[in-house]
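Participant: Input: one structure, supplied below.
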Amino acid sequence: MAASVRELSRGFTRDRALAGERYLGDPALLGAYLLHFWPVSYSQALLCVEMMRRAPRGAGARAGLGSVLDVGAGPGAVSLALLDSGATRVTACDRSAAALSLARRIAQERDQELATHTWDATGTAAPPRGPFDLIAMGHTLNELWAGHPDRIGLRAGLVQRLGALLAPGGRVLILEPALMSTAQEAIRVRDRLLGAGFMVEMPCIWQGACPALPDGTCHGEFDWKPLPAMVRLAHAARIGRETLKTAWFVLRKASGSSTEAAVPREGEPGAPPKGKEASPDGGLYRVVSDPLLSKSGRVRYLVCGPLGRFALSAPKSERGPGLAPFFRLARGDGIRFTGAVRRETGWGLDQRSTVDVVQRTPRLE
C-alpha cells in the first residue's frame, strides 16, 4: 500500500498523469487514495470552512452552510467534510458515476445522506438546479482543460456560470493543490473572477490582482494531527504530512461594479483607519509566509492586506510587551499592528510597536 501511495503521489505532483479519476479503476491506487489522499482533502475542506467562520464577513458560515453543490466531488471527501461542517444538504456532482457510487457508499457507512448528480463540467449539459448557498470545487479546476491555451479563461467562465446558481449572498469555495503550477493557475483564475464581478472573502484581504504573481505564489497551510495509521503509511511511502497545504479562495458576487473593492474602504474590515492611508498601521493583514530569519537578526514575515504584499520584520532580540505575538505568528493569521516604520525592504516593528492577532489559523487535532 505504501508503494501505491508513493505512485499516486508522484502521479498527482510530478507528471500529473494520475490527476483526475484515472486511479479509480486500479484497486491498489484506489485504496491508496482512500487511506491517504481522501482524509487529506476532507481535512483541508474542514479547515477552510473553519477559516470562513473566523472571517470578518463570515456571518453566513457561522449560521450554517445551507445547501451545497460539490463540483468534481469524486469519492466525496469534500462533500462529507461539508456535511460534517453543518451543511443541510450536499449534492455531489462528478462526471464519474463510479466515483459518485463510492461517495454514496462512504456516506451511507457514516449514516449520512448525500445526493449525487452525474455531470461533466466541461460539457454542454445543464448543471444541477439551484439555488445553492455554497458551491465547492475541491482539487477540481486544475484538472479541467489541462493543457488548453485558454484554460484560465475557461475555468473562470465555468465559475461564472456556476455563480448563476448561487442563492443571494452565496459563496464559491475553491481548493487547489499547493504546487507552484496549480497554485499560480488558481491565483490567475481568482484574478480573472475579480475582474468579472466577484470579490474574494477569504483568505485574501487585498482585492486587486495578486501581488505574488508573476513569479511567486501563495497558499494556505494548516497544522493537523493525522491518524496514527496515516502517519505510518506516509512514513513508509516517504511522504511528509506535517502540515496541510492548499491554494484556496472563497468568493462571492460583488454588490456593485467589479472595481469598487480594489482596496477595502474606510470602515470596512481590513481598511486602515482614516488618515493612515500611507501606513499599514491599523489595517487587517494576512500572514502569507512562514517566519524567515535575516542575516541581520530580524524575524520577517510576508503579509498581505490593504497596502498589498510586503515584508514585516522585527529584531529577534526585541521583546517589547506589545510585540510578543509577532514571534508566534503562523501562516494564515489575521493581524493588526501599530508603530510600523518604513524600511528599505518593507515595514519594521520595534519595542514601541503592538501586534494583535485577530484571526488565528485553525488547526485540526
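Just so we're on the same page: first chain in the C-alpha cells is A, next is B, and so on; residues restart at 1 for each chain, and ligands are numbered from 1 in the order they show up.
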Please, which residues of stretch 75-234 of chain A, numbered as in this document, come out strand (DSSP E) from DSSP, as a ChimeraX atom specification?
Facilitator: /A:87-94,115-118,132-138,166-176,198-202,220-223
Participant: Need the shell around A:Gly170: protein/DNA/RNA residues with any atom at most 9 Å away, counting only C-alpha atoms. Skip same-chain ones fewer than 6 positions apart. Format as a PyMOL selection string?
Facilitator: chain A and resi 60+131-135+163+251-253
Participant: Convert the current residue selection to file output with N, CA, C and O atoms, as a short mmCIF file (atom, residue, chain, number, x, y, z; two decimals), in the first residue's frame.
Facilitator:
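So the final result, stored in result07.cif, reads:
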data_model
loop_
_atom_site.label_atom_id
_atom_site.label_comp_id
_atom_site.auth_asym_id
_atom_site.auth_seq_id
_atom_site.Cartn_x
_atom_site.Cartn_y
_atom_site.Cartn_z
N GLY A 60 -22.46 34.27 7.45
CA GLY A 60 -23.20 33.21 6.77
C GLY A 60 -22.66 31.85 7.13
O GLY A 60 -23.41 30.89 7.37
N PRO A 131 -31.31 27.05 -6.14
CA PRO A 131 -30.10 27.79 -5.73
C PRO A 131 -29.31 27.04 -4.65
O PRO A 131 -29.85 26.20 -3.94
N PHE A 132 -28.02 27.40 -4.56
CA PHE A 132 -27.13 26.82 -3.56
C PHE A 132 -26.51 27.95 -2.74
O PHE A 132 -26.17 29.01 -3.27
N ASP A 133 -26.34 27.69 -1.45
CA ASP A 133 -25.69 28.66 -0.58
C ASP A 133 -24.18 28.62 -0.72
O ASP A 133 -23.49 29.60 -0.44
N LEU A 134 -23.66 27.48 -1.16
CA LEU A 134 -22.22 27.32 -1.36
C LEU A 134 -22.00 26.37 -2.52
O LEU A 134 -22.66 25.33 -2.61
N ILE A 135 -21.07 26.73 -3.41
CA ILE A 135 -20.61 25.83 -4.46
C ILE A 135 -19.15 25.56 -4.20
O ILE A 135 -18.33 26.49 -4.14
N GLY A 163 -21.87 30.52 -10.79
CA GLY A 163 -22.30 31.60 -9.92
C GLY A 163 -23.76 31.96 -10.09
O GLY A 163 -24.39 32.49 -9.17
N LEU A 251 -15.11 33.08 -2.71
CA LEU A 251 -15.53 34.24 -3.49
C LEU A 251 -17.04 34.41 -3.42
O LEU A 251 -17.78 33.45 -3.23
N ARG A 252 -17.48 35.63 -3.59
CA ARG A 252 -18.90 35.91 -3.73
C ARG A 252 -19.07 37.03 -4.73
O ARG A 252 -18.12 37.76 -5.03
N LYS A 253 -20.28 37.17 -5.25
CA LYS A 253 -20.54 38.22 -6.22
C LYS A 253 -20.51 39.58 -5.52
O LYS A 253 -21.09 39.75 -4.45
#
Participant: Using only C-alpha atoms, tabulate the residues of stretch 99-211 of chain A lying at most 9 Å from any atom of stretch 66-88 of chain A, each with its closest atom pair and that distance in Å to one decimal, by chain and increasing residue number, as JSON lines.
Facilitator:
{"residue": "A:Ala99", "atom": "CA", "partner": "A:Pro75", "partner_atom": "CA", "distance": 4.8}
{"residue": "A:Leu100", "atom": "CA", "partner": "A:Pro75", "partner_atom": "CA", "distance": 5.8}
{"residue": "A:Ser101", "atom": "CA", "partner": "A:Pro75", "partner_atom": "CA", "distance": 7.7}
{"residue": "A:Leu102", "atom": "CA", "partner": "A:Pro75", "partner_atom": "CA", "distance": 5.5}
{"residue": "A:Ala103", "atom": "CA", "partner": "A:Pro75", "partner_atom": "CA", "distance": 4.3}
{"residue": "A:Arg104", "atom": "CA", "partner": "A:Gly76", "partner_atom": "CA", "distance": 7.8}
{"residue": "A:Ile106", "atom": "CA", "partner": "A:Gly76", "partner_atom": "CA", "distance": 7.9}
{"residue": "A:Ala107", "atom": "CA", "partner": "A:Leu80", "partner_atom": "CA", "distance": 7.0}
{"residue": "A:Gln112", "atom": "CA", "partner": "A:Leu83", "partner_atom": "CA", "distance": 8.0}
{"residue": "A:Glu113", "atom": "CA", "partner": "A:Leu83", "partner_atom": "CA", "distance": 8.8}
{"residue": "A:Leu114", "atom": "CA", "partner": "A:Ser79", "partner_atom": "CA", "distance": 7.9}
{"residue": "A:Trp119", "atom": "CA", "partner": "A:Val71", "partner_atom": "CA", "distance": 8.7}
{"residue": "A:Asp120", "atom": "CA", "partner": "A:Gly72", "partner_atom": "CA", "distance": 8.5}
{"residue": "A:Ala121", "atom": "CA", "partner": "A:Val71", "partner_atom": "CA", "distance": 7.8}
{"residue": "A:Pro128", "atom": "CA", "partner": "A:Leu69", "partner_atom": "CA", "distance": 8.3}
{"residue": "A:Gly130", "atom": "CA", "partner": "A:Leu69", "partner_atom": "CA", "distance": 8.5}
{"residue": "A:Pro131", "atom": "CA", "partner": "A:Ser67", "partner_atom": "CA", "distance": 7.9}
{"residue": "A:Phe132", "atom": "CA", "partner": "A:Ser67", "partner_atom": "CA", "distance": 5.1}
{"residue": "A:Asp133", "atom": "CA", "partner": "A:Ser67", "partner_atom": "CA", "distance": 5.2}
{"residue": "A:Leu134", "atom": "CA", "partner": "A:Val68", "partner_atom": "CA", "distance": 4.8}
{"residue": "A:Ile135", "atom": "CA", "partner": "A:Leu69", "partner_atom": "CA", "distance": 4.8}
{"residue": "A:Ala136", "atom": "CA", "partner": "A:Asp70", "partner_atom": "CA", "distance": 4.7}
{"residue": "A:Met137", "atom": "CA", "partner": "A:Val71", "partner_atom": "CA", "distance": 5.2}
{"residue": "A:Gly138", "atom": "CA", "partner": "A:Val78", "partner_atom": "CA", "distance": 6.4}
{"residue": "A:His139", "atom": "CA", "partner": "A:Gly72", "partner_atom": "CA", "distance": 7.9}
{"residue": "A:Thr140", "atom": "CA", "partner": "A:Gly72", "partner_atom": "CA", "distance": 5.5}
{"residue": "A:Leu141", "atom": "CA", "partner": "A:Gly72", "partner_atom": "CA", "distance": 8.4}
Participant: Applying 9 Å and only C-alpha atoms, which residues near A:Met1 remain after dropping the ones on its own chain fewer than 3 positions away? List them as a list in words.
Facilitator: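 Once the nearby chain positions are removed, what remains is Ser4, Val5, Arg6, Ala28, Leu29, Gly31, Ala32, Leu233 and Ala237 of chain A.
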Participant: Store the residues of this selection in a file with N, CA, C and O atoms, as a compact mmCIF listing (two decimals), in the first residue's frame.
Facilitator:
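Output below, filename again_3.txt:
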# COMPACT_ATOMS: atom_id res chain seq x y z
N SER A 4 1.82 2.05 -3.43
CA SER A 4 0.72 2.65 -4.19
C SER A 4 0.52 4.11 -3.81
O SER A 4 0.22 4.96 -4.67
N VAL A 5 0.67 4.43 -2.52
CA VAL A 5 0.58 5.83 -2.09
C VAL A 5 1.69 6.65 -2.76
O VAL A 5 1.45 7.77 -3.25
N ARG A 6 2.89 6.09 -2.80
CA ARG A 6 4.00 6.79 -3.43
C ARG A 6 3.74 6.98 -4.93
O ARG A 6 4.00 8.05 -5.48
N ALA A 28 -5.50 -1.05 -6.14
CA ALA A 28 -4.41 -0.64 -5.25
C ALA A 28 -4.34 0.89 -5.15
O ALA A 28 -4.19 1.45 -4.06
N LEU A 29 -4.44 1.57 -6.29
CA LEU A 29 -4.38 3.03 -6.28
C LEU A 29 -5.63 3.61 -5.60
O LEU A 29 -5.53 4.62 -4.88
N GLY A 31 -7.34 2.19 -3.22
CA GLY A 31 -7.13 2.00 -1.79
C GLY A 31 -6.17 3.03 -1.21
O GLY A 31 -6.39 3.57 -0.12
N ALA A 32 -5.10 3.33 -1.96
CA ALA A 32 -4.14 4.35 -1.51
C ALA A 32 -4.82 5.72 -1.41
O ALA A 32 -4.57 6.48 -0.47
N LEU A 233 1.70 5.10 7.29
CA LEU A 233 1.65 4.89 5.85
C LEU A 233 2.45 5.96 5.11
O LEU A 233 3.19 5.66 4.17
N ALA A 237 5.76 5.47 2.83
CA ALA A 237 5.76 5.94 1.45
C ALA A 237 6.74 7.09 1.24
O ALA A 237 6.88 7.58 0.11
Participant: Calculated over only C-alpha atoms, which of the candidates A:Gly147, A:Gly208, A:Pro315, A:Gly169 has the smallest distance to A:Lys295?
Facilitator: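 Ranking A:Gly147, A:Gly208, A:Pro315, A:Gly169 by distance to A:Lys295, first place goes to A:Pro315.
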Participant: Nearest to A:Val159: which of A:Val250, A:Met230, A:Leu24, A:Met180 is it, counting only C-alpha atoms?
Facilitator: A:Val250
Participant: Could you tell me how far atom CA of A:Ala234 lies from atom CA of A:Pro27, in Å and to one decimal?
Facilitator: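 So the two atoms, atom CA of A:Ala234 and atom CA of A:Pro27, lie 18.6 Å apart.
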Participant: Could you check which of A:Arg319, A:Arg238, A:Arg331, A:Arg10 is closest to A:Ser353, using only C-alpha atoms?
Facilitator: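 The answer is A:Arg319, which sits nearest to A:Ser353.
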Participant: Please identify which residues in stretch 27-226 of chain A DSSP calls alpha helix (DSSP H) from the backbone, and express them as a PyMOL selection string.
Facilitator: chain A and resi 27-32+38-53+59-63+77-84+97-109+151-163+180-194
Participant: Please provide the set of residues having any atom within 7 Å of A:Gly332, restricted to only C-alpha atoms, with same-chain residues fewer than 5 positions apart removed, written as a ChimeraX atom specification.
Facilitator: /A:220,286-288,361
Participant: Ranking A:Ala229, A:Ile205, A:Leu293, A:Leu65 by minimum distance to A:Gly334 and counting only C-alpha atoms, which one comes first?
Facilitator: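 Using only C-alpha atoms, A:Gly334 sits closest to A:Ile205.
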Participant: I'd like the interatomic distance between atom CA of A:Pro362 and atom CA of A:Glu50, to a tenth of an Å.
Facilitator: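 Those two atoms sit 7.0 Å apart.
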Participant: I'd like the neighbourhood of A:Leu213 as a count of residues only, where a residue qualifies if any of its atoms comes within 12 Å (using only C-alpha atoms), though same-chain residues fewer than 2 positions away should be ignored.
Facilitator: 19
Participant: To one decimal in Å, tell me the separation between atom CA of A:His117 and atom CA of A:Thr13.
Facilitator: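 If I compute the distance from atom CA of A:His117 to atom CA of A:Thr13, I get 28.3 Å.
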Participant: Find the residues near A:Lys225: any atom within 10 Å, counting only C-alpha atoms, skip ones fewer than 6 places away on the same chain, and give them as an mmCIF file with N, CA and C atoms, in the first residue's frame.
Facilitator:
data_model
loop_
_atom_site.group_PDB
_atom_site.id
_atom_site.type_symbol
_atom_site.label_atom_id
_atom_site.label_comp_id
_atom_site.auth_asym_id
_atom_site.auth_seq_id
_atom_site.Cartn_x
_atom_site.Cartn_y
_atom_site.Cartn_z
ATOM 1 N N VAL A 231 0.025 8.326 9.562
ATOM 2 C CA VAL A 231 1.425 8.688 9.804
ATOM 3 C C VAL A 231 2.346 7.538 9.403
ATOM 4 N N ARG A 241 3.799 14.733 5.838
ATOM 5 C CA ARG A 241 2.469 15.289 6.034
ATOM 6 C C ARG A 241 2.410 16.064 7.345
ATOM 7 N N GLU A 242 3.457 16.871 7.611
ATOM 8 C CA GLU A 242 3.462 17.629 8.861
ATOM 9 C C GLU A 242 2.381 18.707 8.857
ATOM 10 N N THR A 243 2.108 19.283 7.708
ATOM 11 C CA THR A 243 1.079 20.315 7.584
ATOM 12 C C THR A 243 0.234 20.028 6.353
ATOM 13 N N LEU A 244 -0.930 20.668 6.300
ATOM 14 C CA LEU A 244 -1.797 20.597 5.133
ATOM 15 C C LEU A 244 -1.653 21.888 4.349
ATOM 16 N N ARG A 363 -6.345 24.764 13.622
ATOM 17 C CA ARG A 363 -5.597 23.530 13.486
ATOM 18 C C ARG A 363 -6.549 22.365 13.718
ATOM 19 N N LEU A 364 -6.198 21.210 13.228
ATOM 20 C CA LEU A 364 -7.063 20.036 13.323
ATOM 21 C C LEU A 364 -6.383 18.992 14.183
ATOM 22 N N GLU A 365 -6.995 18.677 15.307
ATOM 23 C CA GLU A 365 -6.431 17.679 16.241
ATOM 24 C C GLU A 365 -6.846 16.270 15.823
#
Participant: Between A:Leu284, A:Leu173, A:Ala2, A:Cys204, which has the minimum distance to A:Phe337 (counting only C-alpha atoms)?
Facilitator: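 When distances to A:Phe337 are compared using only C-alpha atoms, the smallest one comes from A:Leu284.
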